[in-house]
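**Student:** Quick one: the structure is below, and I'll ask about it shortly.
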Amino acid sequence: MTTLAIIGGTGLTSLDGLTISEHKFVETPYGEPSSPLLLGEYEGKKVIFLPRHGPQHTIAPHKVNYRANIWALYALGVEKIIAVAAVGGISRNLPPSTLAIPDQIIDYTYGREQSFYSDDFTADKHLDFTQPYDAELRQIILSAAIRQKIAITDGGTYGATQGPRLETAAEIRRLEQDGCAMVGMTGMPEAYLARELGMAYATCAVMANWAAGITDDAIQMSEIEHVLDKGMTQVKQLLAEIIRVQ
Ligand code: HPA
């Protein structure tokens with residue numbers, strides 16, 4: 001059995017049903033992770049949980065110490081990471097509360113530490129990232145969704161924006177022209193850092209809202225929270241199924 005970790009995002013700061021055996025404080029060469037890692041059992045299987053924005057959601061997307069988070073999971077022997085991410089839907093077939101497993105990323109973030117090798121770089125550290133997500137792990141999630149009869153979209157490009165503000169309508173038009181199906185603030189450099197350490201990584205995206213300008217309405221946080229509650233119920237069901245069969 002390979003050790004599986006779940007990185008929770010907005011709307012998923014804890015996993016109901018996770019019996020926590022240890023709050024593990026992990027020191028890394030890159031500083032502190034967002035939270036102690038929660039080591040436990042879920043449905044009788046070992047799993048590690050890490051809330052990306054901290055236990056109380058106080059760490060903004062551009063302030064997350066992505067290197068420390070990924071390093072800490074690696075140090076504990078994690079081989080597979082399922083990242084849960086709240087996103088805005090751009091593609092018209094991704095309305096609020098639906099789920100998607102993206103297959104590509106465009107990185108619009110800036111000023112984030114992008115690599116574990118920033119200070120001791122060598123030419124062999126230009127890693128292939130043609131397929132940013134692990135194909136096998138994506139299939140594991142998609143198959144679990146089919147078994148649980150959870151509607152889920154296979155594929156789509158995740159546009160990673162800097163945040164913490166939401167985008168302008170013009171920015172979303174640009175992302176749409178670039179081919180983005182959804183937009184979130186945390187997909188990068190998380191996915192690439194996992195690649196650098198040879199860990200399988202896939203994202204389960206939950207549409208929290210229509211991205212800016214897709215409808216005439218302003219984006220309301222209260223509405224996002226309501227929608228996410230619904231989406232996260234399905235995500236939890238999905239995670240339970242994945243963990244059960246691993
Ligand atoms: N944009 C960026 N990130 C997000 C959004 C959005 O509309 N919704 C949830 N996370």
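Residues in the structure tokens are numbered from 1 in each chain, the chains being A, B, ... in the order shown, and ligands are numbered from 1 in the order shown.
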Counting only C-alpha atoms and all ligand atoms, which residues in chain A sit no more than 9 Å from ligand 1? For each one, give the nearest pair of atoms and the distance in Å, sorted by chain then residue number, as a tab-separated table.

**Tutor:**
```
residue	atom	partner	partner_atom_place_in_ligand_line	distance
A:Thr10	CA	ligand 1	10 (N)	7.9
A:Ala85	CA	ligand 1	10 (N)	7.5
A:Ala86	CA	ligand 1	9 (C)	4.7
A:Val87	CA	ligand 1	9 (C)	3.7
A:Gly88	CA	ligand 1	7 (O)	3.6
A:Gly89	CA	ligand 1	7 (O)	7.0
A:Ile90	CA	ligand 1	7 (O)	8.5
A:Gly159	CA	ligand 1	2 (C)	8.5
A:Ala160	CA	ligand 1	2 (C)	7.6
A:Thr161	CA	ligand 1	2 (C)	6.5
A:Gln162	CA	ligand 1	2 (C)	8.3
A:Gly163	CA	ligand 1	2 (C)	6.9
A:Pro164	CA	ligand 1	3 (N)	8.0
A:Arg165	CA	ligand 1	2 (C)	7.7
A:Leu166	CA	ligand 1	1 (N)	5.0
A:Glu167	CA	ligand 1	1 (N)	6.0
A:Ile172	CA	ligand 1	1 (N)	8.7
A:Met182	CA	ligand 1	1 (N)	8.0
A:Val183	CA	ligand 1	2 (C)	4.9
A:Gly184	CA	ligand 1	3 (N)	3.5
A:Met185	CA	ligand 1	3 (N)	4.9
A:Thr186	CA	ligand 1	3 (N)	8.0
A:Val206	CA	ligand 1	9 (C)	8.3
A:Met207	CA	ligand 1	9 (C)	7.0
A:Ala208	CA	ligand 1	9 (C)	5.3
A:Asn209	CA	ligand 1	8 (N)	5.7
A:Trp210	CA	ligand 1	7 (O)	6.4
A:Ala211	CA	ligand 1	7 (O)	4.2
A:Ala212	CA	ligand 1	7 (O)	6.1
A:Ile219	CA	ligand 1	7 (O)	7.6
A:Ile224	CA	ligand 1	8 (N)	7.6
```

**Student:** Neighbours of Glu79 of chain A within 7 Å (only C-alpha atoms; same-chain residues fewer than 6 positions away dropped), as a list in words?

**Tutor:**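 Skipping anything fewer than 6 positions along the chain leaves Thr2, Thr3, Leu4, Met199 and Ala200 of chain A.
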
**Student:** Could you write those residues out with N, CA and C atoms, as a PDB file, in the first residue's frame?

**Tutor:**
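again_36.pdb, freshly written:
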```
ATOM      1  N   THR A   2       0.558   2.163  -0.891  1.00  0.00           N
ATOM      2  CA  THR A   2       1.336   3.415  -0.903  1.00  0.00           C
ATOM      3  C   THR A   2       0.653   4.431  -0.004  1.00  0.00           C
ATOM      4  N   THR A   3       1.470   5.253   0.612  1.00  0.00           N
ATOM      5  CA  THR A   3       0.878   6.219   1.538  1.00  0.00           C
ATOM      6  C   THR A   3       0.233   7.362   0.760  1.00  0.00           C
ATOM      7  N   LEU A   4      -1.015   7.593   1.107  1.00  0.00           N
ATOM      8  CA  LEU A   4      -1.820   8.604   0.423  1.00  0.00           C
ATOM      9  C   LEU A   4      -1.987   9.819   1.328  1.00  0.00           C
ATOM     10  N   MET A 199       6.512  12.453  -6.545  1.00  0.00           N
ATOM     11  CA  MET A 199       5.245  12.001  -5.953  1.00  0.00           C
ATOM     12  C   MET A 199       4.111  12.150  -6.973  1.00  0.00           C
ATOM     13  N   ALA A 200       3.215  11.166  -6.982  1.00  0.00           N
ATOM     14  CA  ALA A 200       2.053  11.247  -7.873  1.00  0.00           C
ATOM     15  C   ALA A 200       1.105  12.302  -7.309  1.00  0.00           C
TER      16      ALA A 200
END
```

**Student:** Find the residues near segment 25-42 of chain A: any atom within 9 Å, counting only C-alpha atoms, skip ones fewer than 4 places away on the same chain, and give them as a count of residues only.

**Tutor:** 34

**Student:** Can you pull out every residue from segment 50-231 of chain A that DSSP, working from the backbone, puts in strand (DSSP E), and format the result as a ChimeraX atom specification?

**Tutor:** /A:50-51,78-89,99-101,104-107,152-154,157-160,180-184,200-210

**Student:** Check the smallest atom-to-atom distance from each of A:Met232, A:Leu239, A:Leu142, A:Ala5 to Ala100 of chain A using only C-alpha atoms, then report the winner.

**Tutor:**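 Closest residue, counting only C-alpha atoms: A:Leu142.
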
**Student:** Do a neighbour search on Pro189 of chain A at 9 Å with only C-alpha atoms, toss out local chain neighbours closer than 5 positions, and write the hits as a ChimeraX atom specification.

**Tutor:** /A:66-67,107,109,112-115,160,194

**Student:** So that I have them on file, write out the residues from the current selection with N, CA, C and O atoms, as a PDB file, in the first residue's frame.

**Tutor:**
```
ATOM      1  N   TYR A  66       4.341  26.321   0.026  1.00  0.00           N
ATOM      2  CA  TYR A  66       4.122  25.102  -0.760  1.00  0.00           C
ATOM      3  C   TYR A  66       5.305  24.142  -0.634  1.00  0.00           C
ATOM      4  O   TYR A  66       5.122  22.930  -0.582  1.00  0.00           O
ATOM      5  N   ARG A  67       6.507  24.691  -0.591  1.00  0.00           N
ATOM      6  CA  ARG A  67       7.674  23.804  -0.492  1.00  0.00           C
ATOM      7  C   ARG A  67       7.661  23.036   0.825  1.00  0.00           C
ATOM      8  O   ARG A  67       7.924  21.838   0.864  1.00  0.00           O
ATOM      9  N   ASP A 107       0.084  28.328 -15.521  1.00  0.00           N
ATOM     10  CA  ASP A 107       0.502  29.014 -14.295  1.00  0.00           C
ATOM     11  C   ASP A 107       0.589  30.522 -14.531  1.00  0.00           C
ATOM     12  O   ASP A 107       1.439  30.983 -15.283  1.00  0.00           O
ATOM     13  N   THR A 109       0.732  32.538 -11.770  1.00  0.00           N
ATOM     14  CA  THR A 109       1.187  33.063 -10.478  1.00  0.00           C
ATOM     15  C   THR A 109       2.571  33.691 -10.646  1.00  0.00           C
ATOM     16  O   THR A 109       3.246  33.497 -11.666  1.00  0.00           O
ATOM     17  N   ARG A 112       6.297  33.159  -6.343  1.00  0.00           N
ATOM     18  CA  ARG A 112       6.232  32.013  -5.441  1.00  0.00           C
ATOM     19  C   ARG A 112       7.487  31.171  -5.641  1.00  0.00           C
ATOM     20  O   ARG A 112       8.005  31.096  -6.758  1.00  0.00           O
ATOM     21  N   GLU A 113       7.933  30.523  -4.601  1.00  0.00           N
ATOM     22  CA  GLU A 113       9.092  29.632  -4.736  1.00  0.00           C
ATOM     23  C   GLU A 113       8.671  28.429  -5.569  1.00  0.00           C
ATOM     24  O   GLU A 113       7.810  27.656  -5.154  1.00  0.00           O
ATOM     25  N   GLN A 114       9.274  28.293  -6.736  1.00  0.00           N
ATOM     26  CA  GLN A 114       8.802  27.311  -7.719  1.00  0.00           C
ATOM     27  C   GLN A 114       9.526  25.975  -7.669  1.00  0.00           C
ATOM     28  O   GLN A 114       9.148  25.051  -8.376  1.00  0.00           O
ATOM     29  N   SER A 115      10.617  25.896  -6.879  1.00  0.00           N
ATOM     30  CA  SER A 115      11.456  24.707  -6.991  1.00  0.00           C
ATOM     31  C   SER A 115      12.197  24.439  -5.689  1.00  0.00           C
ATOM     32  O   SER A 115      12.514  25.365  -4.933  1.00  0.00           O
ATOM     33  N   ALA A 160      -3.985  28.781 -12.869  1.00  0.00           N
ATOM     34  CA  ALA A 160      -3.594  29.117 -11.486  1.00  0.00           C
ATOM     35  C   ALA A 160      -3.277  30.609 -11.404  1.00  0.00           C
ATOM     36  O   ALA A 160      -2.320  31.078 -12.033  1.00  0.00           O
ATOM     37  N   ALA A 194       5.519  18.591  -6.228  1.00  0.00           N
ATOM     38  CA  ALA A 194       5.298  17.148  -6.060  1.00  0.00           C
ATOM     39  C   ALA A 194       6.066  16.376  -7.136  1.00  0.00           C
ATOM     40  O   ALA A 194       6.685  15.350  -6.867  1.00  0.00           O
TER      41      ALA A 194
END
```

**Student:** Counting only C-alpha atoms, give me one row per residue of segment 3-101 of chain A with an atom at most 10 Å from an atom of segment 124-138 of chain A, showing the shortest contact pair and its distance in Å to one decimal, sorted by chain then residue number, as JSON lines.

**Tutor:**
```
{"residue": "A:Lys80", "atom": "CA", "partner": "A:Leu137", "partner_atom": "CA", "distance": 7.6}
{"residue": "A:Ile81", "atom": "CA", "partner": "A:Leu137", "partner_atom": "CA", "distance": 8.5}
{"residue": "A:Ile82", "atom": "CA", "partner": "A:Leu137", "partner_atom": "CA", "distance": 8.0}
{"residue": "A:Ile101", "atom": "CA", "partner": "A:Arg138", "partner_atom": "CA", "distance": 6.8}
```

**Student:** Which residue gives the smallest distance to Gly155 of chain A among A:Leu99, A:Leu175, A:Ala191, A:Ile140, with only C-alpha atoms counted?

**Tutor:**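 Of A:Leu99, A:Leu175, A:Ala191, A:Ile140, the one nearest Gly155 of chain A, counting only C-alpha atoms, is A:Leu99.
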
**Student:** Would you work out the distance separating atom CA of Tyr158 of chain A from atom CA of Gln139 of chain A, expressed in Å to one decimal?

**Tutor:**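 Those two atoms sit 17.4 Å apart.
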
**Student:** Can you work out which one of A:Thr215, A:Thr203, A:Gln148, A:Thr122 has the shortest atom-to-atom distance to Asp103 of chain A, counting only C-alpha atoms?

**Tutor:**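 For Asp103 of chain A, the nearest of the given residues is A:Thr203.
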
**Student:** Would you mind reading off the distance between atom CA of Asp178 of chain A and atom CA of Pro96 of chain A, one decimal, in Å?

**Tutor:** 21.2 Å

**Student:** Compare A:Gly11, A:Ile214, A:Arg92, A:Met221 by their minimum atom-to-atom distance to Ala170 of chain A, counting only C-alpha atoms, and give me the closest one.

**Tutor:**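 Closest residue, counting only C-alpha atoms: A:Ile214.
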
**Student:** Could you give me the residues within segment 69-233 of chain A that DSSP places in helix (DSSP H, G or I), as a PyMOL selection string?

**Tutor:** chain A and resi 69-75+123-125+135-147+169-178+187-196+221-233

**Student:** Generate the output file for the selected residues, C-alpha atoms, as a JSON list (two decimals), in the first residue's frame.

**Tutor:**
```
[["chain", "number", "residue", "atom", "x", "y", "z"],
["A", 69, "ASN", "CA", 3.98, 21.36, 2.69],
["A", 70, "ILE", "CA", 5.18, 19.06, -0.08],
["A", 71, "TRP", "CA", 8.50, 18.37, 1.60],
["A", 72, "ALA", "CA", 6.78, 17.44, 4.88],
["A", 73, "LEU", "CA", 4.55, 14.92, 3.08],
["A", 74, "TYR", "CA", 7.56, 13.49, 1.25],
["A", 75, "ALA", "CA", 9.50, 13.20, 4.52],
["A", 123, "ALA", "CA", 20.72, 21.38, -15.80],
["A", 124, "ASP", "CA", 19.16, 17.99, -15.02],
["A", 125, "LYS", "CA", 16.58, 19.78, -12.82],
["A", 135, "ALA", "CA", -2.40, 9.72, -15.11],
["A", 136, "GLU", "CA", -2.88, 6.73, -12.83],
["A", 137, "LEU", "CA", -4.01, 8.79, -9.84],
["A", 138, "ARG", "CA", -6.47, 10.70, -12.04],
["A", 139, "GLN", "CA", -7.93, 7.36, -13.14],
["A", 140, "ILE", "CA", -8.21, 6.19, -9.52],
["A", 141, "ILE", "CA", -10.30, 9.27, -8.72],
["A", 142, "LEU", "CA", -12.43, 8.99, -11.87],
["A", 143, "SER", "CA", -13.10, 5.29, -11.31],
["A", 144, "ALA", "CA", -14.09, 5.93, -7.70],
["A", 145, "ALA", "CA", -16.53, 8.58, -8.91],
["A", 146, "ILE", "CA", -18.11, 6.12, -11.35],
["A", 147, "ARG", "CA", -18.50, 3.50, -8.61],
["A", 169, "ALA", "CA", -14.01, 39.81, -16.05],
["A", 170, "ALA", "CA", -11.29, 40.70, -18.59],
["A", 171, "GLU", "CA", -8.79, 38.39, -16.88],
["A", 172, "ILE", "CA", -11.28, 35.54, -17.08],
["A", 173, "ARG", "CA", -11.92, 36.28, -20.78],
["A", 174, "ARG", "CA", -8.17, 36.01, -21.31],
["A", 175, "LEU", "CA", -7.97, 32.75, -19.39],
["A", 176, "GLU", "CA", -10.87, 31.40, -21.44],
["A", 177, "GLN", "CA", -9.09, 32.36, -24.67],
["A", 178, "ASP", "CA", -6.03, 30.57, -23.33],
["A", 187, "GLY", "CA", -2.59, 24.69, -8.17],
["A", 188, "MET", "CA", 0.91, 26.00, -8.72],
["A", 189, "PRO", "CA", 3.63, 25.52, -7.67],
["A", 190, "GLU", "CA", 2.08, 22.69, -5.63],
["A", 191, "ALA", "CA", 1.77, 20.30, -8.59],
["A", 192, "TYR", "CA", 5.31, 20.92, -9.81],
["A", 193, "LEU", "CA", 6.91, 20.58, -6.40],
["A", 194, "ALA", "CA", 5.30, 17.15, -6.06],
["A", 195, "ARG", "CA", 6.79, 16.27, -9.45],
["A", 196, "GLU", "CA", 10.24, 17.36, -8.30],
["A", 221, "MET", "CA", -18.38, 34.64, -0.42],
["A", 222, "SER", "CA", -21.62, 33.64, 1.36],
["A", 223, "GLU", "CA", -22.84, 32.01, -1.84],
["A", 224, "ILE", "CA", -19.48, 30.26, -2.34],
["A", 225, "GLU", "CA", -19.64, 28.77, 1.14],
["A", 226, "HIS", "CA", -23.14, 27.46, 0.54],
["A", 227, "VAL", "CA", -22.18, 25.92, -2.81],
["A", 228, "LEU", "CA", -18.98, 24.42, -1.43],
["A", 229, "ASP", "CA", -20.88, 22.67, 1.35],
["A", 230, "LYS", "CA", -22.77, 20.76, -1.33],
["A", 231, "GLY", "CA", -19.69, 20.04, -3.46],
["A", 232, "MET", "CA", -17.59, 18.96, -0.52],
["A", 233, "THR", "CA", -20.19, 16.40, 0.55]]
```
